Amino acid sequence: SKTRIQVYVVLLVVCCVGTLMLFGLRNRRPEDRSASLDVKSGDQVNEGPLQAFKSSLQLLQNRDMLLLGLCFAYTGFELNFYSGVYSTCIGNTKAFGGDAKSLIGISGAFLGAGEIIGGAAFGLSGTLTNRHGRDPIILFGFVVHMTAFYLI
């Protein structure tokens with residue numbers, strides 16, 4: 001209980017310091033403030049927060065933005081599963097017996113190692129990306145992703 005309170009106090013102080021640092025930021029120059037670009041016409045307009053919100057809702061009606069929104073939603077669900085739900089399920093599986101809680105750490109270590117190896121593999125294969133494009137990489141990622149979900 002004492003450790004939990006200390007963690008909350010430290011996080012609260014860090015949050016307050018970050019908020020105070022935001023107040024120390026300079027305002028934008030007047031010429032930058034009026035340099036907003038209208039998406040439809042390409043003209044520069046001076047808009048407030050409400051007008052910016054309305055224009056972002058209009059942008060959401062675009063087909064490409066809707067497809068991108070679906071990708072964002074899937075990514076959110078998937079990240080929620082493997083960062084929160086998966087480890088909890090491993091820890092609460094009775095078939096693992098008394099060692100179930102120790103498997104949570106191993107699961108996290110393997111998830112991190114997989115992220116590092118996957119990022120390094122695709123980062124170092126830049127020449128293959130330039131030669132064949134991104135489509136084979138996306139297809140390979142999809143196949144690996146679905147295989148992993150099937151095995152889980």
# chains A, B, ... in the order shown; residues from 1 in each chain; ligands from 1

$ select_by_dssp --residues "stretch 51-86 of chain A" --states "alpha helix (DSSP H)" --output "PyMOL selection string"
chain A and resi 51-60+63-80+86

$ select_by_dssp --residues "chain A" --states "strand (DSSP E or B)" --output "PyMOL selection string"
chain A and resi 36-37+44-45

$ atom_distance --atom1 "atom CA of A:Gly141" --atom2 "atom CA of A:Leu103"
25.9 Å

$ residues_around --residues "A:Ala100" --least-positions-apart "6" --cutoff "7 Å" --atoms "only C-alpha atoms" --output "PDB file with all heavy atoms, in the first residue's frame"
ATOM      1  N   ILE A  90      -3.092 -15.657 -19.591  1.00  0.00           N
ATOM      2  CA  ILE A  90      -2.053 -16.629 -19.235  1.00  0.00           C
ATOM      3  C   ILE A  90      -1.951 -16.756 -17.724  1.00  0.00           C
ATOM      4  O   ILE A  90      -1.857 -17.855 -17.183  1.00  0.00           O
ATOM      5  CB  ILE A  90      -0.697 -16.213 -19.846  1.00  0.00           C
ATOM      6  CG1 ILE A  90      -0.724 -16.420 -21.355  1.00  0.00           C
ATOM      7  CG2 ILE A  90       0.448 -16.997 -19.225  1.00  0.00           C
ATOM      8  CD1 ILE A  90       0.511 -15.939 -22.055  1.00  0.00           C
ATOM      9  N   GLY A  91      -1.989 -15.635 -17.023  1.00  0.00           N
ATOM     10  CA  GLY A  91      -1.869 -15.663 -15.567  1.00  0.00           C
ATOM     11  C   GLY A  91      -3.039 -16.319 -14.869  1.00  0.00           C
ATOM     12  O   GLY A  91      -2.893 -16.833 -13.760  1.00  0.00           O
ATOM     13  N   ASN A  92      -4.211 -16.302 -15.496  1.00  0.00           N
ATOM     14  CA  ASN A  92      -5.408 -16.866 -14.859  1.00  0.00           C
ATOM     15  C   ASN A  92      -5.818 -18.224 -15.414  1.00  0.00           C
ATOM     16  O   ASN A  92      -6.902 -18.709 -15.094  1.00  0.00           O
ATOM     17  CB  ASN A  92      -6.573 -15.885 -14.995  1.00  0.00           C
ATOM     18  CG  ASN A  92      -6.355 -14.642 -14.171  1.00  0.00           C
ATOM     19  OD1 ASN A  92      -5.818 -14.706 -13.067  1.00  0.00           O
ATOM     20  ND2 ASN A  92      -6.732 -13.503 -14.708  1.00  0.00           N
ATOM     21  N   THR A  93      -4.979 -18.827 -16.233  1.00  0.00           N
ATOM     22  CA  THR A  93      -5.289 -20.154 -16.768  1.00  0.00           C
ATOM     23  C   THR A  93      -4.952 -21.212 -15.729  1.00  0.00           C
ATOM     24  O   THR A  93      -3.800 -21.357 -15.322  1.00  0.00           O
ATOM     25  CB  THR A  93      -4.493 -20.410 -18.070  1.00  0.00           C
ATOM     26  OG1 THR A  93      -4.835 -19.408 -19.011  1.00  0.00           O
ATOM     27  CG2 THR A  93      -4.808 -21.779 -18.639  1.00  0.00           C
TER      28      THR A  93
END

$ atom_distance --atom1 "atom CA of A:Leu124" --atom2 "atom CA of A:Glu78"
24.9 Å

$ atom_distance --atom1 "atom CA of A:Leu25" --atom2 "atom CA of A:Ser55"
26.3 Å

$ closest_residue --among "A:Leu128, A:Ala95, A:Leu60, A:Val85" --to "A:Gly108" --atoms "only C-alpha atoms"
A:Val85

$ residues_around --residues "A:Leu111" --least-positions-apart "6" --cutoff "12 Å" --atoms "only C-alpha atoms" --output "list in words"
Leu79, Tyr82, Ser83, Gly84, Tyr86, Ser87, Ile104, Gly105, Ile117, Gly118 and Ala148 of chain A

$ write_last_selection --atoms "N, CA, C and O atoms" --output "short mmCIF file (atom, residue, chain, number, x, y, z; two decimals), in the first residue's frame"
data_model
loop_
_atom_site.label_atom_id
_atom_site.label_comp_id
_atom_site.auth_asym_id
_atom_site.auth_seq_id
_atom_site.Cartn_x
_atom_site.Cartn_y
_atom_site.Cartn_z
N LEU A 79 -3.68 -4.31 -30.27
CA LEU A 79 -2.74 -3.90 -29.23
C LEU A 79 -3.33 -4.11 -27.84
O LEU A 79 -2.62 -4.53 -26.91
N TYR A 82 -3.00 -8.02 -27.10
CA TYR A 82 -1.72 -8.64 -26.73
C TYR A 82 -1.00 -7.90 -25.63
O TYR A 82 -0.13 -8.46 -24.98
N SER A 83 -1.35 -6.64 -25.35
CA SER A 83 -0.67 -5.97 -24.25
C SER A 83 -1.41 -6.09 -22.93
O SER A 83 -0.81 -5.96 -21.87
N GLY A 84 -2.72 -6.35 -22.97
CA GLY A 84 -3.46 -6.43 -21.73
C GLY A 84 -4.16 -7.74 -21.50
O GLY A 84 -4.00 -8.39 -20.46
N TYR A 86 -4.02 -10.76 -23.21
CA TYR A 86 -3.30 -12.02 -23.40
C TYR A 86 -2.52 -12.41 -22.14
O TYR A 86 -2.61 -13.55 -21.68
N SER A 87 -1.77 -11.48 -21.58
CA SER A 87 -0.99 -11.79 -20.38
C SER A 87 -1.88 -12.12 -19.20
O SER A 87 -1.56 -13.01 -18.39
N ILE A 104 3.64 -15.01 -17.03
CA ILE A 104 3.31 -13.67 -17.51
C ILE A 104 4.58 -12.93 -17.92
O ILE A 104 4.64 -12.30 -18.97
N GLY A 105 5.61 -13.02 -17.08
CA GLY A 105 6.88 -12.35 -17.40
C GLY A 105 7.55 -12.93 -18.63
O GLY A 105 8.09 -12.20 -19.46
N ILE A 117 12.89 -8.26 -33.00
CA ILE A 117 13.34 -9.07 -34.15
C ILE A 117 12.55 -8.70 -35.41
O ILE A 117 13.12 -8.53 -36.49
N GLY A 118 11.24 -8.54 -35.28
CA GLY A 118 10.41 -8.16 -36.43
C GLY A 118 10.78 -6.78 -36.96
O GLY A 118 10.88 -6.59 -38.17
N ALA A 148 -0.52 -16.52 -35.92
CA ALA A 148 -0.33 -16.35 -34.47
C ALA A 148 -1.66 -16.38 -33.73
O ALA A 148 -1.78 -17.00 -32.68
#
